[in-house]
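Heads up, input_2.cif below (mmCIF, C-alpha atoms and all ligand atoms):
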data_input
loop_
_atom_site.label_atom_id
_atom_site.label_comp_id
_atom_site.auth_asym_id
_atom_site.auth_seq_id
_atom_site.Cartn_x
_atom_site.Cartn_y
_atom_site.Cartn_z
CA MET A 1 8.57 9.47 15.14
CA ARG A 2 10.39 8.18 12.08
CA ARG A 3 12.01 4.75 12.36
CA LYS A 4 15.50 4.96 10.94
CA LEU A 5 16.47 2.78 7.98
CA ALA A 6 19.87 1.38 6.98
CA ALA A 7 19.49 0.18 3.40
CA GLY A 8 22.11 -1.60 1.31
CA ASN A 9 22.11 -1.70 -2.49
CA TRP A 10 24.28 -4.52 -3.79
CA LYS A 11 23.81 -3.30 -7.40
CA MET A 12 25.16 -5.93 -9.87
CA ASN A 13 27.26 -7.67 -7.23
CA GLY A 14 26.84 -10.92 -5.38
CA LEU A 15 26.65 -14.66 -5.90
CA ARG A 16 25.14 -17.25 -3.58
CA ALA A 17 28.52 -17.61 -1.89
CA ASN A 18 28.16 -14.01 -0.68
CA LEU A 19 25.08 -14.88 1.39
CA THR A 20 27.46 -15.65 4.26
CA GLU A 21 27.57 -11.84 4.65
CA VAL A 22 23.83 -11.91 5.36
CA THR A 23 24.23 -14.48 8.10
CA ALA A 24 27.03 -12.45 9.65
CA LEU A 25 24.87 -9.32 9.53
CA THR A 26 21.75 -10.86 11.04
CA THR A 27 23.82 -12.50 13.76
CA ALA A 28 25.44 -9.17 14.65
CA HIS A 29 22.07 -7.35 14.62
CA SER A 30 19.54 -9.81 16.00
CA ALA A 31 17.44 -7.07 17.61
CA PRO A 32 18.40 -3.85 15.81
CA GLY A 33 17.15 -0.45 16.93
CA VAL A 34 16.68 0.56 13.29
CA ASP A 35 15.15 -1.04 10.20
CA ILE A 36 17.65 -2.93 8.05
CA LEU A 37 17.19 -3.64 4.33
CA LEU A 38 19.37 -5.30 1.71
CA CYS A 39 18.59 -5.09 -2.01
CA PRO A 40 20.52 -7.81 -3.85
CA PRO A 41 20.41 -8.56 -7.57
CA ALA A 42 17.16 -10.30 -8.58
CA THR A 43 18.89 -13.70 -8.76
CA LEU A 44 19.65 -13.53 -5.02
CA LEU A 45 16.29 -12.26 -3.78
CA ALA A 46 14.75 -15.62 -2.94
CA PRO A 47 17.86 -17.16 -1.34
CA MET A 48 18.55 -13.96 0.59
CA ALA A 49 14.94 -13.84 1.78
CA ALA A 50 15.32 -17.46 2.90
CA ALA A 51 18.56 -16.64 4.73
CA ALA A 52 16.86 -13.66 6.40
CA GLU A 53 13.75 -15.57 7.47
CA GLY A 54 13.01 -15.06 11.16
CA THR A 55 15.48 -12.16 11.41
CA ALA A 56 15.00 -8.38 11.36
CA LEU A 57 16.49 -8.06 7.86
CA ALA A 58 14.12 -7.03 5.07
CA VAL A 59 15.03 -7.64 1.43
CA GLY A 60 14.15 -5.58 -1.62
CA GLY A 61 14.52 -5.38 -5.38
CA GLN A 62 16.56 -2.80 -7.26
CA ASP A 63 13.98 -2.07 -9.98
CA CYS A 64 10.69 -3.42 -11.33
CA HIS A 65 8.71 -3.17 -14.55
CA ALA A 66 5.62 -0.95 -14.63
CA ALA A 67 3.44 -3.76 -15.99
CA ALA A 68 2.11 -6.57 -13.82
CA ALA A 69 3.09 -9.29 -16.35
CA GLY A 70 3.51 -9.83 -20.05
CA ALA A 71 5.88 -9.85 -23.02
CA HIS A 72 8.85 -7.96 -21.53
CA THR A 73 11.86 -10.21 -21.97
CA GLY A 74 14.42 -9.86 -19.20
CA ASP A 75 12.24 -7.72 -16.94
CA VAL A 76 10.87 -8.49 -13.49
CA SER A 77 7.49 -7.32 -12.19
CA ALA A 78 6.74 -5.94 -8.75
CA SER A 79 4.60 -8.95 -7.85
CA MET A 80 7.52 -11.25 -8.81
CA LEU A 81 9.75 -9.34 -6.38
CA ALA A 82 7.13 -9.70 -3.67
CA ASP A 83 6.71 -13.40 -4.49
CA ALA A 84 10.49 -13.88 -4.10
CA GLY A 85 10.33 -12.36 -0.59
CA ALA A 86 10.89 -8.64 -1.20
CA SER A 87 9.06 -6.01 0.82
CA TYR A 88 10.82 -2.98 -0.73
CA VAL A 89 12.00 -1.91 -4.17
CA ILE A 90 14.51 0.77 -5.14
CA LEU A 91 13.18 2.88 -8.03
CA GLY A 92 14.77 5.62 -10.12
CA HIS A 93 18.35 4.99 -9.06
CA SER A 94 20.63 7.29 -11.06
CA GLU A 95 22.29 4.22 -12.61
CA ARG A 96 18.88 3.14 -13.97
CA ARG A 97 18.17 6.69 -15.11
CA ALA A 98 21.58 6.79 -16.91
CA ASP A 99 21.91 3.19 -18.18
CA HIS A 100 18.28 2.67 -19.19
CA GLY A 101 17.09 6.20 -19.90
CA GLU A 102 14.46 6.07 -17.17
CA GLN A 103 12.49 9.30 -16.91
CA ASN A 104 10.51 10.61 -13.96
CA GLU A 105 7.22 9.40 -15.50
CA ASP A 106 8.62 5.87 -15.96
CA ILE A 107 9.59 5.79 -12.30
CA CYS A 108 6.15 7.03 -11.30
CA ALA A 109 4.53 4.19 -13.28
CA LYS A 110 6.85 1.65 -11.67
CA ALA A 111 6.01 3.05 -8.22
CA LYS A 112 2.30 2.54 -8.88
CA ALA A 113 3.00 -1.08 -9.85
CA ALA A 114 5.13 -1.56 -6.73
CA LEU A 115 2.38 -0.14 -4.55
CA ALA A 116 -0.18 -2.47 -6.12
CA ALA A 117 2.12 -5.40 -5.28
CA GLY A 118 2.39 -4.30 -1.64
CA LEU A 119 6.01 -3.09 -1.83
CA THR A 120 7.48 -0.01 -0.16
CA CYS A 121 9.22 2.21 -2.74
CA VAL A 122 12.67 3.71 -2.17
CA ILE A 123 12.59 6.48 -4.78
CA CYS A 124 15.98 7.99 -5.61
CA VAL A 125 16.66 11.59 -6.56
CA GLY A 126 19.92 13.46 -7.02
CA GLU A 127 21.77 16.00 -9.11
CA SER A 128 24.80 15.62 -11.37
CA GLU A 129 27.97 17.53 -10.64
CA ALA A 130 27.27 19.91 -13.55
CA GLU A 131 23.80 20.62 -12.16
CA ARG A 132 25.23 21.37 -8.71
CA ASP A 133 27.89 23.63 -10.21
CA ALA A 134 25.16 25.48 -12.10
CA ALA A 135 23.20 25.95 -8.82
CA GLN A 136 20.33 23.82 -10.20
CA THR A 137 20.34 21.18 -7.45
CA LEU A 138 17.04 22.08 -5.79
CA ASP A 139 15.26 22.67 -9.12
CA ILE A 140 16.31 19.21 -10.37
CA ILE A 141 15.34 17.51 -7.14
CA GLY A 142 12.01 19.33 -7.06
CA GLU A 143 11.24 18.08 -10.58
CA GLN A 144 12.31 14.53 -9.72
CA LEU A 145 10.14 14.51 -6.60
CA SER A 146 7.02 15.81 -8.33
CA GLY A 147 7.49 13.63 -11.43
CA SER A 148 8.61 10.33 -9.88
CA ILE A 149 6.32 10.00 -6.84
CA PRO A 150 2.68 9.05 -7.43
CA ASP A 151 -0.05 10.77 -5.41
CA ASP A 152 -1.13 7.67 -3.54
CA LEU A 153 2.11 6.86 -1.73
CA THR A 154 2.08 7.21 2.04
CA ALA A 155 4.71 7.49 4.78
CA GLU A 156 4.55 3.69 5.11
CA THR A 157 4.99 2.97 1.42
CA LEU A 158 7.45 5.73 0.44
CA VAL A 159 11.10 6.29 1.32
CA VAL A 160 13.01 9.04 -0.51
CA ALA A 161 16.76 8.60 -1.07
CA TYR A 162 18.86 11.65 -1.87
CA GLU A 163 21.88 10.44 -3.84
CA PRO A 164 24.02 13.11 -5.51
CA ILE A 165 25.31 11.36 -8.64
CA TRP A 166 28.83 12.73 -8.20
CA ALA A 167 29.06 11.19 -4.71
CA ILE A 168 28.16 7.64 -5.79
CA GLY A 169 31.15 5.31 -5.72
CA THR A 170 33.59 8.21 -5.77
CA GLY A 171 34.56 8.55 -2.12
CA ARG A 172 33.39 12.17 -2.31
CA THR A 173 30.46 13.43 -0.25
CA PRO A 174 28.66 16.76 -0.04
CA THR A 175 29.33 18.92 3.00
CA LEU A 176 27.01 18.32 5.93
CA GLU A 177 25.45 21.72 5.17
CA GLN A 178 24.75 20.66 1.58
CA ILE A 179 23.18 17.39 2.74
CA GLY A 180 21.08 19.27 5.29
CA GLU A 181 19.90 21.82 2.72
CA VAL A 182 18.65 19.14 0.32
CA HIS A 183 17.03 17.00 3.04
CA ASP A 184 15.22 20.05 4.48
CA PHE A 185 14.04 20.90 0.96
CA ILE A 186 12.75 17.34 0.38
CA ARG A 187 10.96 17.39 3.74
CA ALA A 188 9.28 20.71 2.91
CA ARG A 189 8.21 19.45 -0.54
CA LEU A 190 6.78 16.25 0.93
CA GLN A 191 4.84 18.23 3.53
CA SER A 192 3.42 20.68 1.02
CA ARG A 193 2.36 17.86 -1.31
CA PHE A 194 1.22 15.12 1.06
CA GLY A 195 0.29 17.18 4.13
CA GLU A 196 2.19 18.03 7.30
CA ALA A 197 1.75 14.69 9.02
CA THR A 198 2.59 12.42 6.08
CA GLY A 199 5.47 14.65 5.00
CA ALA A 200 6.85 14.64 8.53
CA ALA A 201 6.58 10.87 8.86
CA THR A 202 8.25 9.93 5.54
CA ARG A 203 11.83 8.73 5.78
CA ILE A 204 14.56 10.48 3.79
CA LEU A 205 17.85 8.61 3.29
CA TYR A 206 21.20 9.96 2.19
CA GLY A 207 23.27 7.89 -0.27
CA GLY A 208 26.67 8.34 -1.89
CA SER A 209 29.97 7.11 -0.43
CA VAL A 210 28.56 6.41 3.04
CA LYS A 211 31.26 4.51 4.96
CA PRO A 212 31.86 3.52 8.58
CA GLY A 213 34.13 6.56 8.92
CA ASN A 214 31.61 9.22 7.85
CA ALA A 215 28.27 7.66 8.82
CA ALA A 216 27.92 9.17 12.30
CA GLU A 217 28.39 12.78 11.16
CA ILE A 218 25.95 12.31 8.27
CA PHE A 219 23.36 10.69 10.58
CA ALA A 220 23.52 13.70 12.91
CA VAL A 221 22.25 16.03 10.14
CA PRO A 222 18.58 16.97 10.68
CA ASN A 223 16.13 15.16 8.37
CA VAL A 224 18.62 12.38 7.60
CA ASP A 225 16.71 9.24 8.60
CA GLY A 226 19.27 6.71 7.44
CA ALA A 227 21.36 5.77 4.44
CA LEU A 228 21.25 3.98 1.11
CA VAL A 229 24.65 2.32 0.99
CA GLY A 230 26.32 0.82 -2.08
CA GLY A 231 29.87 -0.50 -1.83
CA ALA A 232 30.01 -0.54 1.97
CA SER A 233 26.90 -2.76 2.16
CA LEU A 234 28.67 -5.67 0.47
CA LYS A 235 30.76 -6.53 3.52
CA ALA A 236 28.91 -7.33 6.74
CA THR A 237 31.62 -5.71 8.87
CA ASP A 238 31.30 -2.34 7.09
CA PHE A 239 27.51 -2.36 6.87
CA SER A 240 27.29 -3.45 10.49
CA ALA A 241 29.39 -0.45 11.56
CA ILE A 242 27.06 1.84 9.61
CA ILE A 243 24.00 0.22 11.25
CA SER A 244 25.58 0.74 14.68
CA ALA A 245 26.26 4.41 13.86
CA LEU A 246 22.61 4.83 12.87
CA GLU A 247 21.44 3.17 16.08
CA ALA A 248 23.57 5.62 18.07
CA ALA A 249 22.45 8.71 16.10
CA PRO A 250 20.07 11.30 17.53
CA GLN A 251 16.38 10.57 16.95
CA GLN A 252 14.99 12.52 14.00
CA GLY A 253 11.39 13.72 13.67
P1 LIG A 301 28.16 3.96 -2.87
O1 LIG A 301 27.82 3.84 -1.41
O2 LIG A 301 28.98 2.83 -3.39
O3 LIG A 301 28.71 5.32 -3.18
O4 LIG A 301 26.77 3.84 -3.70
C1 LIG A 301 25.68 4.61 -3.29
C2 LIG A 301 24.49 4.16 -4.04
O5 LIG A 301 24.37 4.39 -5.23
C3 LIG A 301 23.47 3.39 -3.30
O6 LIG A 301 22.31 3.22 -4.05
#
Exercise: express the given structure as structure tokens:
Amino acid sequence: MRRKLAAGNWKMNGLRANLTEVTALTTAHSAPGVDILLCPPATLLAPMAAAAEGTALAVGGQDCHAAAAGAHTGDVSASMLADAGASYVILGHSERRADHGEQNEDICAKAKAALAAGLTCVICVGESEAERDAAQTLDIIGEQLSGSIPDDLTAETLVVAYEPIWAIGTGRTPTLEQIGEVHDFIRARLQSRFGEATGAATRILYGGSVKPGNAAEIFAVPNVDGALVGGASLKATDFSAIISALEAAPQQG
């Protein structure tokens, strides 16, 4: 049975003053029925991990370098994330792919480094609007899955996040049928590559304009095991409502 996951990506938002949101969240969800994860900017990892100590909240990075250490000014390694208190790392977010030119093979190398540092990887895939209009969605996602995920990830160390680029920060979401089609496709690909059991046990999140108002219907779609939430994870009240919707959703898997 897959344990559901509500993950928040703060992107390049948040100062230490915003850690009050973390306290509000962990107070509201002291014994959650789902896993909860927040991925703040690197500067907030250690203080957020300290604020989350003794609670059910896990913290994660938003990216890591593929090398363990060395002359890479401005970059952060996977072991540095772990040392700061992270247990997860988001890799291959479309904003990294667009802003930093990250290719599938770069993400695969980063995932290997994350695995070596003991982190669970949240690997993001998703099509652009032009690719969806050209009916290339499943081809693109198939390529991203095979190119970005190393062979040695397991159901414990891999989470896949489906984030259609055109739904991120836009208030637009795919239809429930479109979400279901892509999640079923990802599940089938994971099972054919990693075996029935591992593929069935790996969590698949949906991301892109998830809000308190649409979370419940998205969480009822088969093979949706949770969400990767951007804007609505910044405020404890909104993220808390999404966590509650996930707790109330039908069990998947
Ligand atoms: P929004 O929830 O703000 O659309 O962002 C989604 C996202 O990119 C999470 O990684």
Sorted per-residue table, chain A near ligand LIG 301 (chain A), closest atoms and distance, 9 Å, only C-alpha atoms and all ligand atoms, as CSV:
residue,atom,partner,partner_atom,distance
A:Ala7,CA,A:LIG301,C3,8.4
A:Gly8,CA,A:LIG301,C3,6.9
A:Asn9,CA,A:LIG301,O6,5.2
A:Trp10,CA,A:LIG301,C3,8.0
A:Lys11,CA,A:LIG301,O6,7.5
A:Gln62,CA,A:LIG301,O6,8.9
A:Ile90,CA,A:LIG301,O6,8.2
A:His93,CA,A:LIG301,O6,6.6
A:Ser94,CA,A:LIG301,O5,7.5
A:Glu95,CA,A:LIG301,O5,7.7
A:Cys124,CA,A:LIG301,O6,8.1
A:Ala161,CA,A:LIG301,O6,8.3
A:Glu163,CA,A:LIG301,O5,6.7
A:Pro164,CA,A:LIG301,O5,8.7
A:Ile165,CA,A:LIG301,O5,7.8
A:Trp166,CA,A:LIG301,O3,9.0
A:Ala167,CA,A:LIG301,O3,6.1
A:Ile168,CA,A:LIG301,O3,3.5
A:Gly169,CA,A:LIG301,O3,3.5
A:Thr170,CA,A:LIG301,O3,6.2
A:Gly171,CA,A:LIG301,O3,6.8
A:Arg172,CA,A:LIG301,O3,8.3
A:Thr173,CA,A:LIG301,O3,8.8
A:Tyr206,CA,A:LIG301,C3,8.9
A:Gly207,CA,A:LIG301,C1,5.1
A:Gly208,CA,A:LIG301,O3,3.9
A:Ser209,CA,A:LIG301,O3,3.5
A:Val210,CA,A:LIG301,O1,5.2
A:Lys211,CA,A:LIG301,O1,7.3
A:Ala227,CA,A:LIG301,C3,8.4
A:Leu228,CA,A:LIG301,C3,5.0
A:Val229,CA,A:LIG301,O1,4.3
A:Gly230,CA,A:LIG301,O1,3.4
A:Gly231,CA,A:LIG301,O2,3.8
A:Ala232,CA,A:LIG301,O1,6.0
A:Ser233,CA,A:LIG301,O1,7.6
### Query
Residues at most 12 Å from Glu143 of chain A, counting all atoms listed in the file, excluding those fewer than 6 positions away in the same chain, as a list in words?
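Near neighbours after the sequence-gap exclusion: Gln103, Asn104, Glu105, Val125, Gly126, Glu127, Gln136, Thr137, Ile149, Ile186 and Arg189 of chain A.
Distances here use only C-alpha atoms; by that measure, the residue among A:Asn214, A:Gln252, A:Ser87, A:Ser128 closest to Ala46 of chain A is A:Ser87.
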Within 12 Å of Ala28 of chain A, counting all atoms listed in the file, which residues qualify if same-chain residues fewer than 4 places away don't, as a JSON list (two decimals) with C-alpha atoms, keeping the file's coordinate frame?
[["chain", "number", "residue", "atom", "x", "y", "z"],
["A", 21, "GLU", "CA", 27.57, -11.84, 4.65],
["A", 22, "VAL", "CA", 23.83, -11.91, 5.36],
["A", 23, "THR", "CA", 24.23, -14.48, 8.10],
["A", 24, "ALA", "CA", 27.03, -12.45, 9.65],
["A", 32, "PRO", "CA", 18.40, -3.85, 15.81],
["A", 36, "ILE", "CA", 17.65, -2.93, 8.05],
["A", 55, "THR", "CA", 15.48, -12.16, 11.41],
["A", 56, "ALA", "CA", 15.00, -8.38, 11.36],
["A", 57, "LEU", "CA", 16.49, -8.06, 7.86],
["A", 236, "ALA", "CA", 28.91, -7.33, 6.74],
["A", 237, "THR", "CA", 31.62, -5.71, 8.87],
["A", 238, "ASP", "CA", 31.30, -2.34, 7.09],
["A", 239, "PHE", "CA", 27.51, -2.36, 6.87],
["A", 240, "SER", "CA", 27.29, -3.45, 10.49],
["A", 241, "ALA", "CA", 29.39, -0.45, 11.56],
["A", 243, "ILE", "CA", 24.00, 0.22, 11.25],
["A", 244, "SER", "CA", 25.58, 0.74, 14.68]]
## Note on the structure
Expressed in Å, the length from atom CA of Gly147 of chain A to atom CA of Lys4 of chain A is 25.3 Å
Using 6 Å of padding on each side, determine the axis-aligned box around all atoms of segment 239-245 of chain A present in the file and give its centre and edge lengths in Å to one decimal, as lines of an AutoDock Vina configuration file.
center_x = 26.7
center_y = 0.5
center_z = 10.8
size_x = 17.4
size_y = 19.9
size_z = 19.8
### Query
Expressed in Å to a single decimal, how great is the separation between atom CA of Cys39 of chain A and atom CA of Ala86 of chain A?
8.5 Å
